[in-house]
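Shown next: entry.cif, containing mmCIF, C-alpha atoms and all ligand atoms.
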```
data_my_file
#
loop_
_atom_site.label_atom_id
_atom_site.label_comp_id
_atom_site.auth_asym_id
_atom_site.auth_seq_id
_atom_site.Cartn_x
_atom_site.Cartn_y
_atom_site.Cartn_z
CA MET A 1 -30.72 9.86 -6.97
CA ASP A 2 -28.85 11.99 -9.48
CA PRO A 3 -25.76 9.97 -10.52
CA VAL A 4 -23.96 13.21 -11.32
CA GLU A 5 -24.01 14.03 -7.62
CA ASN A 6 -23.00 10.55 -6.48
CA PRO A 7 -20.35 11.17 -3.78
CA PHE A 8 -18.97 7.63 -3.56
CA ALA A 9 -15.62 6.82 -5.09
CA PRO A 10 -14.75 3.16 -5.63
CA GLY A 11 -11.37 2.82 -7.32
CA ALA A 12 -7.72 2.07 -6.56
CA GLY A 13 -6.25 5.10 -4.84
CA THR A 14 -9.42 7.19 -5.35
CA PRO A 15 -9.95 9.40 -2.27
CA PRO A 16 -13.23 8.62 -0.49
CA PRO A 17 -15.76 11.35 0.33
CA GLU A 18 -15.19 10.54 4.01
CA LEU A 19 -11.94 8.96 5.16
CA ALA A 20 -13.50 7.12 8.07
CA GLY A 21 -11.72 5.59 11.04
CA ARG A 22 -8.15 6.59 10.35
CA ASP A 23 -7.75 9.67 12.54
CA GLU A 24 -5.73 7.95 15.21
CA LEU A 25 -3.14 6.70 12.78
CA ARG A 26 -2.94 10.07 11.06
CA GLU A 27 -2.22 11.60 14.45
CA THR A 28 0.47 8.98 15.15
CA ILE A 29 2.16 9.92 11.89
CA ARG A 30 1.85 13.63 12.60
CA VAL A 31 3.59 13.16 15.94
CA ALA A 32 6.32 10.94 14.49
CA VAL A 33 6.98 13.39 11.66
CA GLU A 34 7.21 16.35 14.00
CA ARG A 35 9.55 14.47 16.33
CA THR A 36 11.71 13.53 13.36
CA ARG A 37 11.86 17.16 12.29
CA ARG A 38 13.06 18.15 15.75
CA GLY A 39 15.73 15.46 15.78
CA LEU A 40 13.95 13.39 18.44
CA PRO A 41 13.76 9.60 18.18
CA ALA A 42 10.81 8.39 16.12
CA LYS A 43 10.15 5.15 14.33
CA SER A 44 9.43 4.90 10.64
CA ILE A 45 6.01 3.43 9.96
CA LEU A 46 4.94 0.72 7.57
CA MET A 47 1.21 0.18 7.18
CA VAL A 48 0.27 -3.31 6.16
CA GLY A 49 -3.07 -4.59 4.97
CA LEU A 50 -5.03 -6.47 2.36
CA ARG A 51 -6.07 -5.13 -1.03
CA GLY A 52 -8.64 -2.36 -1.01
CA VAL A 53 -8.50 -1.47 2.69
CA GLY A 54 -7.37 2.07 1.94
CA LYS A 55 -3.59 2.07 2.30
CA THR A 56 -2.96 4.25 -0.72
CA VAL A 57 -5.55 6.92 0.06
CA LEU A 58 -4.33 7.01 3.64
CA LEU A 59 -0.72 7.41 2.55
CA ASP A 60 -1.75 10.27 0.26
CA ARG A 61 -3.72 11.95 3.02
CA MET A 62 -0.77 11.63 5.38
CA ARG A 63 1.43 13.18 2.77
CA ASP A 64 -0.96 16.13 2.45
CA ASP A 65 -1.02 16.45 6.25
CA THR A 66 2.78 16.48 6.26
CA GLU A 67 3.18 19.01 3.47
CA SER A 68 0.71 21.34 5.10
CA SER A 69 3.12 21.64 8.01
CA ARG A 70 5.81 22.64 5.50
CA ILE A 71 7.79 19.47 5.70
CA HIS A 72 9.32 18.09 2.53
CA THR A 73 8.04 14.82 1.15
CA LEU A 74 8.54 12.51 -1.73
CA ARG A 75 6.05 9.96 -2.93
CA VAL A 76 6.69 6.83 -4.94
CA GLU A 77 4.91 3.60 -5.71
CA ALA A 78 7.13 0.57 -6.02
CA PRO A 79 6.17 -1.13 -9.23
CA GLU A 80 6.85 -4.78 -9.90
CA GLU A 81 10.15 -5.21 -11.69
CA ARG A 82 11.63 -1.79 -11.23
CA SER A 83 14.58 -1.14 -8.96
CA LEU A 84 14.38 0.93 -5.80
CA PRO A 85 17.21 3.30 -6.80
CA ALA A 86 15.58 3.90 -10.20
CA MET A 87 12.34 4.74 -8.47
CA LEU A 88 13.86 6.96 -5.78
CA ALA A 89 16.46 8.92 -7.75
CA PRO A 90 14.15 11.26 -9.74
CA GLU A 91 12.00 11.97 -6.68
CA LEU A 92 15.03 12.66 -4.53
CA ARG A 93 16.26 15.05 -7.16
CA GLN A 94 12.99 16.99 -7.11
CA ALA A 95 13.04 17.10 -3.32
CA LEU A 96 16.62 18.35 -3.31
CA LEU A 97 15.92 21.02 -5.90
CA ARG A 98 13.10 22.27 -3.66
CA LEU A 99 15.34 22.15 -0.62
CA SER A 100 18.09 24.02 -2.43
CA ARG A 101 15.79 27.05 -2.63
CA ASN A 102 16.04 27.36 1.11
CA GLU A 103 18.87 29.68 2.13
CA GLN A 104 20.01 27.57 5.12
CA ALA A 105 19.84 24.29 3.22
CA LYS A 106 21.26 25.53 -0.07
CA ASP A 107 24.86 24.42 0.25
CA LEU A 108 24.11 20.98 1.66
CA ALA A 109 21.29 20.41 -0.81
CA LYS A 110 23.72 21.15 -3.61
CA ARG A 111 26.18 18.73 -2.09
CA ALA A 112 23.39 16.14 -1.95
CA LEU A 113 22.65 16.77 -5.63
CA ARG A 114 26.31 16.01 -6.34
CA GLY A 115 25.91 12.90 -4.24
CA LEU A 116 22.86 11.93 -6.26
CA ALA A 117 24.80 12.31 -9.50
CA GLY A 118 27.56 10.05 -8.21
CA PHE A 119 24.99 7.62 -6.83
CA ALA A 120 23.18 7.30 -10.15
CA LYS A 121 26.37 7.03 -12.19
CA ALA A 122 27.92 4.36 -10.00
CA LEU A 123 24.78 2.26 -9.67
CA LYS A 124 23.84 2.44 -13.33
CA VAL A 125 26.07 -0.59 -13.92
CA LYS A 126 23.91 -2.78 -11.72
CA TYR A 127 20.57 -0.99 -12.07
CA ALA A 128 20.33 -0.11 -15.73
CA ASP A 129 16.86 1.35 -15.24
CA ILE A 130 18.13 4.39 -13.29
CA GLU A 131 17.34 7.55 -15.20
CA VAL A 132 17.79 10.92 -13.58
CA GLY A 133 18.92 14.34 -14.75
CA PHE A 134 22.19 15.66 -13.32
CA ASP A 135 22.18 19.21 -12.06
CA LEU A 136 25.75 19.22 -10.78
CA GLU A 137 28.91 17.18 -11.27
CA PRO A 138 29.42 14.28 -8.84
CA GLU A 139 31.69 14.77 -5.83
CA VAL A 140 34.35 12.09 -5.87
CA GLY A 141 33.87 9.67 -2.97
CA LEU A 142 30.34 10.75 -2.11
CA ALA A 143 27.76 7.96 -2.48
CA ASP A 144 29.57 6.65 -5.56
CA ASN A 145 30.85 3.23 -4.45
CA GLY A 146 28.51 1.33 -6.71
CA ASP A 147 27.16 -0.59 -3.71
CA LEU A 148 23.53 0.27 -3.04
CA GLU A 149 23.62 -0.34 0.70
CA HIS A 150 26.58 1.94 1.23
CA ASP A 151 25.63 4.60 -1.30
CA LEU A 152 22.01 4.99 -0.28
CA ALA A 153 23.03 5.43 3.36
CA ALA A 154 25.63 8.03 2.37
CA LEU A 155 23.15 9.84 0.16
CA LEU A 156 20.35 9.96 2.73
CA GLU A 157 22.86 11.26 5.21
CA VAL A 158 23.64 14.38 3.18
CA VAL A 159 19.98 14.78 2.30
CA GLY A 160 19.14 14.60 5.99
CA ALA A 161 21.83 17.13 6.85
CA ALA A 162 20.39 19.55 4.28
CA ALA A 163 16.88 19.11 5.69
CA ARG A 164 18.15 19.63 9.22
CA ASN A 165 19.82 22.90 8.29
CA ALA A 166 16.51 24.15 6.95
CA GLU A 167 14.76 23.01 10.14
CA THR A 168 12.55 20.77 8.11
CA ALA A 169 12.49 17.04 7.40
CA LEU A 170 12.25 14.76 4.41
CA ILE A 171 9.57 12.10 4.69
CA LEU A 172 9.59 9.30 2.14
CA PHE A 173 6.14 7.97 1.30
CA ILE A 174 6.44 4.64 -0.49
CA ASP A 175 3.47 2.52 -1.55
CA GLU A 176 3.43 -1.18 -2.56
CA LEU A 177 6.71 -1.78 -0.71
CA GLN A 178 6.23 -5.53 -0.86
CA TYR A 179 7.35 -5.43 -4.49
CA VAL A 180 10.84 -4.16 -3.61
CA GLU A 181 13.55 -6.85 -3.81
CA GLU A 182 14.90 -7.99 -0.46
CA ASP A 183 18.45 -6.74 -1.00
CA GLU A 184 17.10 -3.33 -1.97
CA LEU A 185 14.85 -3.32 1.08
CA ALA A 186 17.93 -4.14 3.14
CA ALA A 187 19.67 -1.09 1.71
CA LEU A 188 16.71 1.12 2.53
CA ILE A 189 16.56 -0.21 6.08
CA THR A 190 20.28 0.38 6.60
CA ALA A 191 20.03 3.92 5.26
CA LEU A 192 17.09 4.76 7.53
CA HIS A 193 18.82 3.15 10.46
CA ARG A 194 21.92 5.25 9.90
CA ALA A 195 19.83 8.41 9.59
CA ALA A 196 17.96 7.55 12.80
CA GLN A 197 21.21 6.93 14.70
CA ARG A 198 22.46 10.35 13.68
CA ARG A 199 19.07 11.90 14.51
CA LEU A 200 18.76 13.18 10.98
CA PRO A 201 15.25 14.26 9.97
CA VAL A 202 14.56 11.50 7.45
CA MET A 203 11.74 9.04 7.90
CA LEU A 204 9.80 6.48 5.92
CA VAL A 205 6.04 6.08 5.84
CA GLY A 206 5.35 3.01 3.75
CA ALA A 207 2.49 0.77 2.83
CA GLY A 208 2.21 -2.74 1.50
CA LEU A 209 0.55 -6.11 1.62
CA PRO A 210 0.84 -8.14 4.84
CA GLN A 211 3.86 -10.08 3.50
CA LEU A 212 5.86 -6.86 3.79
CA ARG A 213 6.51 -7.40 7.46
CA GLY A 214 8.18 -10.77 6.90
CA ARG A 215 10.14 -9.45 3.93
CA MET A 216 11.53 -6.60 6.03
CA GLY A 217 12.52 -9.03 8.77
CA ARG A 218 14.28 -11.30 6.30
CA ALA A 219 16.05 -8.36 4.66
CA LYS A 220 17.41 -7.13 8.03
CA SER A 221 16.67 -8.95 11.24
CA TYR A 222 16.57 -5.70 13.24
CA ALA A 223 13.89 -4.20 10.95
CA GLU A 224 11.12 -5.35 13.27
CA ARG A 225 12.53 -3.18 16.06
CA LEU A 226 13.28 -0.23 13.83
CA PHE A 227 9.78 0.18 12.42
CA ASP A 228 6.18 0.11 13.56
CA PHE A 229 3.83 -1.99 11.46
CA PRO A 230 0.27 -0.81 12.09
CA GLU A 231 -2.31 -3.06 10.47
CA ILE A 232 -4.86 -1.41 8.22
CA GLY A 233 -7.99 -3.49 7.86
CA ALA A 234 -11.73 -3.39 7.50
CA LEU A 235 -13.33 -0.51 9.40
CA GLU A 236 -15.06 -0.98 12.72
CA ASP A 237 -18.82 -1.15 12.42
CA PRO A 238 -19.52 2.45 13.58
CA GLN A 239 -16.82 3.86 11.31
CA ALA A 240 -18.19 1.97 8.32
CA ARG A 241 -21.58 3.53 9.02
CA VAL A 242 -19.99 6.97 9.04
CA ALA A 243 -18.30 6.21 5.71
CA ILE A 244 -21.73 5.75 4.14
CA GLU A 245 -23.96 8.04 6.18
CA LYS A 246 -21.88 11.17 6.21
CA PRO A 247 -21.46 11.64 2.45
CA VAL A 248 -25.15 10.85 1.94
CA GLU A 249 -26.25 13.34 4.58
CA THR A 250 -23.97 16.03 3.22
CA HIS A 251 -26.17 15.89 0.12
CA GLY A 252 -29.36 16.16 2.17
CA VAL A 253 -30.22 12.52 1.52
CA GLY A 254 -31.22 9.92 4.14
CA ILE A 255 -30.69 6.19 4.48
CA THR A 256 -32.87 3.87 6.57
CA ALA A 257 -31.38 1.85 9.42
CA ASP A 258 -32.05 -1.51 7.79
CA ALA A 259 -30.59 -0.33 4.48
CA LEU A 260 -27.41 0.77 6.23
CA GLN A 261 -27.31 -2.49 8.17
CA ARG A 262 -27.48 -4.45 4.92
CA ILE A 263 -24.56 -2.51 3.45
CA ILE A 264 -22.52 -3.28 6.56
CA GLN A 265 -23.35 -6.96 6.23
CA GLU A 266 -22.59 -7.23 2.52
CA THR A 267 -19.32 -5.31 2.63
CA HIS A 268 -17.91 -6.70 5.88
CA CYS A 269 -16.88 -3.06 6.44
CA TYR A 270 -14.12 -3.22 3.79
CA PRO A 271 -13.50 0.29 2.46
CA TYR A 272 -13.45 -0.57 -1.24
CA PHE A 273 -16.71 -2.49 -0.95
CA LEU A 274 -18.31 0.29 1.08
CA GLN A 275 -17.61 2.73 -1.74
CA GLU A 276 -18.98 0.32 -4.33
CA TRP A 277 -22.17 -0.37 -2.35
CA GLY A 278 -22.61 3.30 -1.53
CA LYS A 279 -22.32 4.22 -5.17
CA HIS A 280 -24.80 1.61 -6.38
CA ALA A 281 -27.28 2.23 -3.59
CA TRP A 282 -27.26 5.94 -4.45
CA ASP A 283 -27.79 5.31 -8.15
CA THR A 284 -30.55 2.77 -7.52
CA ALA A 285 -32.64 4.86 -5.12
CA SER A 286 -35.06 7.21 -6.84
CA ILE A 287 -35.97 9.27 -3.80
CA SER A 288 -34.60 9.92 -0.31
CA PRO A 289 -34.21 7.99 1.94
CA ILE A 290 -32.29 5.05 0.47
CA THR A 291 -34.22 1.94 1.55
CA LEU A 292 -33.48 -1.73 2.10
CA ALA A 293 -35.17 -2.54 -1.20
CA ASP A 294 -32.79 -0.13 -2.95
CA VAL A 295 -29.78 -1.77 -1.33
CA GLU A 296 -31.02 -5.26 -2.22
CA LEU A 297 -31.21 -4.26 -5.86
CA ALA A 298 -27.94 -2.37 -5.66
CA SER A 299 -26.16 -5.44 -4.26
CA GLN A 300 -26.47 -7.21 -7.59
CA SER A 301 -24.93 -4.38 -9.58
CA ALA A 302 -22.28 -3.77 -6.90
CA VAL A 303 -21.13 -7.39 -7.06
CA ALA A 304 -21.12 -7.28 -10.85
CA ALA A 305 -19.07 -4.08 -10.82
CA LEU A 306 -16.55 -5.57 -8.39
CA ASP A 307 -16.26 -8.71 -10.47
CA GLU A 308 -15.50 -6.60 -13.53
CA SER A 309 -12.95 -4.34 -11.87
CA PHE A 310 -11.53 -4.96 -8.39
CA PHE A 311 -11.46 -8.76 -8.69
CA ARG A 312 -11.05 -9.03 -12.45
CA VAL A 313 -7.79 -7.06 -12.73
CA ARG A 314 -6.24 -9.54 -10.33
CA PHE A 315 -7.73 -12.61 -11.96
CA ASP A 316 -6.55 -11.62 -15.44
CA ARG A 317 -2.93 -11.60 -14.31
CA LEU A 318 -3.01 -15.26 -13.30
CA THR A 319 -1.73 -18.24 -15.26
CA PRO A 320 -4.07 -21.23 -15.62
CA VAL A 321 -2.10 -23.13 -12.96
CA GLU A 322 -2.35 -20.21 -10.55
CA LYS A 323 -6.09 -19.96 -11.15
CA LYS A 324 -6.46 -23.60 -10.31
CA TYR A 325 -4.51 -23.18 -7.08
CA LEU A 326 -6.65 -20.23 -5.99
CA ARG A 327 -9.83 -22.04 -6.97
CA ALA A 328 -8.80 -24.95 -4.76
CA MET A 329 -8.23 -22.50 -1.90
CA ALA A 330 -11.64 -20.98 -2.56
CA GLU A 331 -13.19 -24.40 -2.28
CA LEU A 332 -11.99 -24.45 1.32
CA GLY A 333 -13.51 -21.05 2.17
CA PRO A 334 -12.06 -17.67 3.11
CA GLY A 335 -8.94 -19.12 4.81
CA PRO A 336 -6.16 -19.11 5.81
CA HIS A 337 -5.63 -22.69 4.65
CA ARG A 338 -3.00 -25.32 5.33
CA SER A 339 -0.84 -26.18 2.32
CA GLY A 340 -1.70 -29.85 2.87
CA ASP A 341 -5.44 -29.16 2.57
CA ILE A 342 -4.98 -27.24 -0.67
CA ALA A 343 -2.82 -30.03 -2.08
CA ARG A 344 -5.44 -32.59 -1.13
CA ILE A 345 -8.13 -30.75 -3.08
CA LEU A 346 -5.84 -30.63 -6.10
CA LYS A 347 -4.79 -34.27 -5.57
CA ARG A 348 -1.13 -33.22 -5.61
CA GLU A 349 1.92 -33.35 -3.34
CA VAL A 350 2.50 -30.22 -1.23
CA THR A 351 6.09 -29.88 -2.49
CA SER A 352 5.06 -29.98 -6.15
CA LEU A 353 2.81 -26.97 -5.53
CA GLY A 354 5.58 -24.89 -3.94
CA PRO A 355 6.56 -23.01 -7.12
CA THR A 356 2.95 -22.01 -7.88
CA ARG A 357 2.46 -20.81 -4.34
CA ASN A 358 5.68 -18.78 -4.56
CA GLN A 359 4.59 -17.15 -7.81
CA LEU A 360 1.28 -16.22 -6.21
CA ILE A 361 3.10 -14.66 -3.27
CA ALA A 362 5.38 -12.72 -5.63
CA LYS A 363 2.34 -11.44 -7.52
CA GLY A 364 0.84 -10.33 -4.23
CA MET A 365 -2.19 -12.63 -4.52
CA VAL A 366 -1.60 -14.70 -1.41
CA TRP A 367 0.56 -14.49 1.68
CA SER A 368 1.59 -16.68 4.52
CA PRO A 369 0.30 -15.54 7.94
CA ASN A 370 2.05 -18.51 9.56
CA HIS A 371 4.41 -21.19 8.38
CA GLY A 372 2.49 -23.59 6.14
CA ASP A 373 -0.59 -21.36 5.96
CA THR A 374 -1.79 -19.58 2.86
CA ALA A 375 -4.30 -16.72 2.80
CA PHE A 376 -5.76 -14.47 0.11
CA THR A 377 -4.55 -10.85 0.02
CA VAL A 378 -7.84 -9.78 -1.56
CA PRO A 379 -10.84 -9.76 0.79
CA LEU A 380 -13.73 -12.01 -0.32
CA PHE A 381 -11.61 -13.42 -3.14
CA ASP A 382 -12.82 -16.94 -2.32
CA GLU A 383 -16.40 -15.97 -3.13
CA PHE A 384 -15.28 -14.37 -6.38
CA MET A 385 -13.34 -17.47 -7.43
CA ARG A 386 -16.36 -19.63 -6.82
CA ARG A 387 -18.51 -17.26 -8.88
CA ILE A 388 -16.14 -17.02 -11.81
CA ILE A 389 -15.23 -20.73 -11.88
CA PRO A 390 -18.29 -22.54 -10.59
CA GLY A 391 -18.65 -26.31 -10.16
CA TYR A 392 -15.92 -28.90 -10.16
CA GLU A 393 -15.11 -28.97 -13.88
CA TRP A 394 -12.00 -26.90 -13.30
CA LEU A 395 -10.34 -29.73 -11.42
CA LYS A 396 -10.10 -31.99 -14.41
N1 LIG B 401 -11.14 5.09 5.52
C1 LIG B 401 -11.91 4.94 4.46
N2 LIG B 401 -13.23 5.22 4.50
C2 LIG B 401 -14.00 5.08 3.40
N3 LIG B 401 -13.55 4.67 2.21
C3 LIG B 401 -12.24 4.39 2.08
C4 LIG B 401 -11.36 4.51 3.20
N4 LIG B 401 -10.13 4.15 2.82
C5 LIG B 401 -10.23 3.83 1.51
N5 LIG B 401 -11.48 3.97 1.06
C6 LIG B 401 -11.92 3.65 -0.31
O1 LIG B 401 -11.52 2.31 -0.58
C7 LIG B 401 -11.02 2.16 -1.89
C8 LIG B 401 -9.63 1.52 -1.87
O2 LIG B 401 -8.67 2.42 -1.33
P1 LIG B 401 -7.12 2.23 -1.67
O3 LIG B 401 -6.91 2.15 -3.13
O4 LIG B 401 -6.39 3.28 -0.91
O5 LIG B 401 -6.84 0.80 -1.02
P2 LIG B 401 -5.44 0.03 -0.95
O6 LIG B 401 -5.35 -0.58 0.39
O7 LIG B 401 -4.34 0.91 -1.39
O8 LIG B 401 -5.67 -1.14 -2.01
P3 LIG B 401 -4.55 -1.92 -2.90
O9 LIG B 401 -3.85 -2.86 -1.96
O10 LIG B 401 -5.36 -2.63 -3.93
O11 LIG B 401 -3.63 -0.91 -3.49
C9 LIG B 401 -11.11 3.52 -2.54
O12 LIG B 401 -12.26 3.57 -3.33
C10 LIG B 401 -11.23 4.49 -1.37
O13 LIG B 401 -11.99 5.63 -1.70
MG MG B 402 -2.99 0.81 -2.91
#
```
Any chance you could put this one into structure tokens?
Ligand SMILES: Nc1ncnc2c1ncn2[C@@H]1O[C@H](COP(=O)(O)OP(=O)(O)OP(=O)(O)O)[C@@H](O)[C@H]1O
Ligand SMILES: [Mg+2]
Amino acid sequence: MDPVENPFAPGAGTPPPELAGRDELRETIRVAVERTRRGLPAKSILMVGLRGVGKTVLLDRMRDDTESSRIHTLRVEAPEERSLPAMLAPELRQALLRLSRNEQAKDLAKRALRGLAGFAKALKVKYADIEVGFDLEPEVGLADNGDLEHDLAALLEVVGAAARNAETALILFIDELQYVEEDELAALITALHRAAQRRLPVMLVGAGLPQLRGRMGRAKSYAERLFDFPEIGALEDPQARVAIEKPVETHGVGITADALQRIIQETHCYPYFLQEWGKHAWDTASISPITLADVELASQSAVAALDESFFRVRFDRLTPVEKKYLRAMAELGPGPHRSGDIARILKREVTSLGPTRNQLIAKGMVWSPNHGDTAFTVPLFDEFMRRIIPGYEWLK
């Protein structure tokens, strides 16, 4: 089929031609956002899931949904090694400038901009990476203590008051939240808690790897009650079929039942893999419908493409010791695995492997579903590790 017309879209954060199976959650968010706007109780929502399940594209779609009902949003991605205030300040400024154009919100939005100036100035001592333009002079005593937990709560409070006056809300969309330091997460939780108690229209819709839930709980023990943590995972079988069939049919192309079945099998219904298989099956087939033979051929190039991109970017960030640890895990299968079993494969003591395991958690490569268990955050990573480091040579 003509590759120019190929509808499939494998890639980090690349919107799929058909966002399958996420309607219910989008509706949940729509309801929560609207309740927040009206000053009714609603929980902030943190979506957790493995790599490539579609958290980012879902977050972006939810943001579009939200903006189309004329509610203010801001969108950030927490990078590794950048502070939360540095990341939030410029986006908050933009949101406040937009809010200040609203007649009812104008005065409070301006006050919030003063608060933001004081916030940035005071916190610059601790978080040198904060860079934000000042539109107005700080107001003495407003969000300028120099203590993140206090100042962020004070700042979100004025921001929320401004949004309330304009009968709108401010929804924070934050991706990769697991990279935020625990004390900064604690500050964010406190600020949202305060806003919720005062029924201010401020809410968080976040996404992150599964370790996020535990990190939130450690940052503030009440976080588990304050937020909902829907799990985003592989699609259900029928939804995965829709993800492939619908884009194909839109182009007047067919796919045979056994071909579709094979794609389901190979991808385990993981969104990223579905896009990759869809793309390669399309390119391989010369005429409609796409057949099993096409998919069989396409599987080879799909795996090769994943190895070179999706898996490779993660692999290249690992130290030799970390590679060895993950290879030992892979030897045991998909997991989760007991720390003792991994240590046995490596012929090491469990305690001596602690630092490596911690680094891998910090890098977002593994997580701990239960105490003493270790699991990959990347689906099918065990198979990849066995492909890229075959045999037992690596153990020596
Ligand atoms: N519901 C869906 N239906 C079909 N394809 C999807 C769906 N969700 C995501 N995808 C596709 O899966 C791929 C991965 O999506 P995305 O980057 O949002 O995942 P992610 O969970 O944010 O991954 P990471 O943890 O690596 O950031 C993209 O190519 C996207 O088009
Ligand atoms: Mg993502």
Can you pull out every residue within 7 Å of Ala166 in chain A, counting all atoms listed in the file, but drop anything in the same chain fewer than 6 positions away, and send it as a ChimeraX atom specification?
/A:102,104-105
For the interface of chain A with ligand MG 402 (chain B) (cut-off 10 Å, counting only C-alpha atoms and all ligand atoms), please tabulate each contacting residue of chain A alongside its nearest pair of atoms and their separation in Å to one decimal, rows sorted by chain and increasing number, as a tab-separated table.
```
residue	atom	partner	partner_atom	distance
A:Gly11	CA	B:MG402	MG	9.7
A:Ala12	CA	B:MG402	MG	6.1
A:Gly13	CA	B:MG402	MG	5.7
A:Thr14	CA	B:MG402	MG	9.4
A:Gly49	CA	B:MG402	MG	9.6
A:Leu50	CA	B:MG402	MG	9.2
A:Arg51	CA	B:MG402	MG	7.0
A:Gly52	CA	B:MG402	MG	6.8
A:Val53	CA	B:MG402	MG	8.2
A:Gly54	CA	B:MG402	MG	6.7
A:Lys55	CA	B:MG402	MG	5.4
A:Thr56	CA	B:MG402	MG	4.1
A:Val57	CA	B:MG402	MG	7.3
A:Leu58	CA	B:MG402	MG	9.1
A:Leu59	CA	B:MG402	MG	8.9
A:Glu77	CA	B:MG402	MG	8.8
A:Asp175	CA	B:MG402	MG	6.8
A:Glu176	CA	B:MG402	MG	6.7
A:Ala207	CA	B:MG402	MG	7.9
A:Gly208	CA	B:MG402	MG	7.7
A:Leu209	CA	B:MG402	MG	9.0
```
Using all atoms listed in the file, which protein or nucleic acid residues come within 10 Å of Lys110 in chain A? Drop anything in the same chain fewer than 4 positions from it, and give the result as a VMD selection string.
chain A and resid 96 to 97 99 to 101 105 to 106 114 to 116 135 to 136 158 to 159 162
First collect every listed atom of range 298-310 of chain A; then fit an axis-aligned box around them, widen it by 3 Å on each side, and give centre and edge lengths in Å to one decimal, as AutoDock Vina command-line options.
```
--center_x -19.7 --center_y -5.5 --center_z -8.9 --size_x 22.4 --size_y 12.3 --size_z 15.3
```
Would you please work out which residue, of A:Pro271, A:Gly354, A:Pro230, A:Pro369, is nearest to ligand LIG 401 (chain B) when using all atoms listed in the file?
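The answer is A:Pro271, which sits nearest to ligand LIG 401 (chain B).
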In Å and to one decimal, CA of Ala169 in chain A is distant from CA of Arg213 in chain A by 25.2 Å
Take CA of Gln261 in chain A and CA of Pro334 in chain A and report the distance between them in Å, one decimal.
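Answer for the CA of Gln261 in chain A to CA of Pro334 in chain A separation: 22.1 Å.
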With a distance cut-off of 8 Å and all atoms listed in the file, select the neighbouring residues of range 34-48 of chain A, excluding the residue or stretch itself and same-chain residues fewer than 2 positions from it, and output the selection as a PyMOL selection string.
chain A and resi 29-32+50+55+164+167-169+196+199-210+212-213+226-232
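Our summary of the geometry notes that CA of Gln275 in chain A is positioned 4.8 Å from CA of Pro10 in chain A.
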Residue contacts of Gln359 in chain A (12 Å, all atoms listed in the file) excluding same-chain residues fewer than 3 positions away, as a list in words:
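That gives Arg317, Leu318, Thr319, Val321, Glu322, Lys323, Tyr325, Leu326, Leu353, Gly354, Pro355, Thr356, Ala362, Lys363, Gly364, Met365, Val366 and Trp367 of chain A.
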Name the residues, using the chain letters and numbers of the file, that sit within 8 Å of (-31.9, 1.4, 4.3) when counting only C-alpha atoms, and give them as a list in words.
Ile255, Thr256, Ala257, Asp258, Ala259, Leu260, Gln261, Arg262, Pro289, Ile290, Thr291, Leu292, Ala293, Asp294 and Val295 of chain A
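Shortest atom-to-atom contact with Asp147 in chain A among A:Asp129, A:Ile174, A:Glu224, A:Phe119: A:Phe119, counting only C-alpha atoms.
Nearest residue to ligand LIG 401 (chain B) among A:Gly146, A:Gly372, A:Pro79, A:Gly391 is A:Pro79, counting only C-alpha atoms and all ligand atoms.
Nearest to Met1 in chain A of all the residues A:Ala243, A:Leu346, A:Val248, A:Leu152 is A:Val248, counting only C-alpha atoms.
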Within 9 Å of (-28.4, 9.8, 3.5) (file coordinates; all atoms listed in the file), which protein or nucleic acid residues are there? I'd like them as number ranges by chain.
A: 244-256, 282, 288-290
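Using only C-alpha atoms, the nearest neighbour of His150 in chain A within the list A:Asp2, A:Glu266, A:Glu131, A:Glu184 is A:Glu184.
Among the candidates A:Gln178, A:Glu276, A:Glu157, A:Asn165, the one nearest to Thr190 in chain A when counting only C-alpha atoms is A:Glu157.
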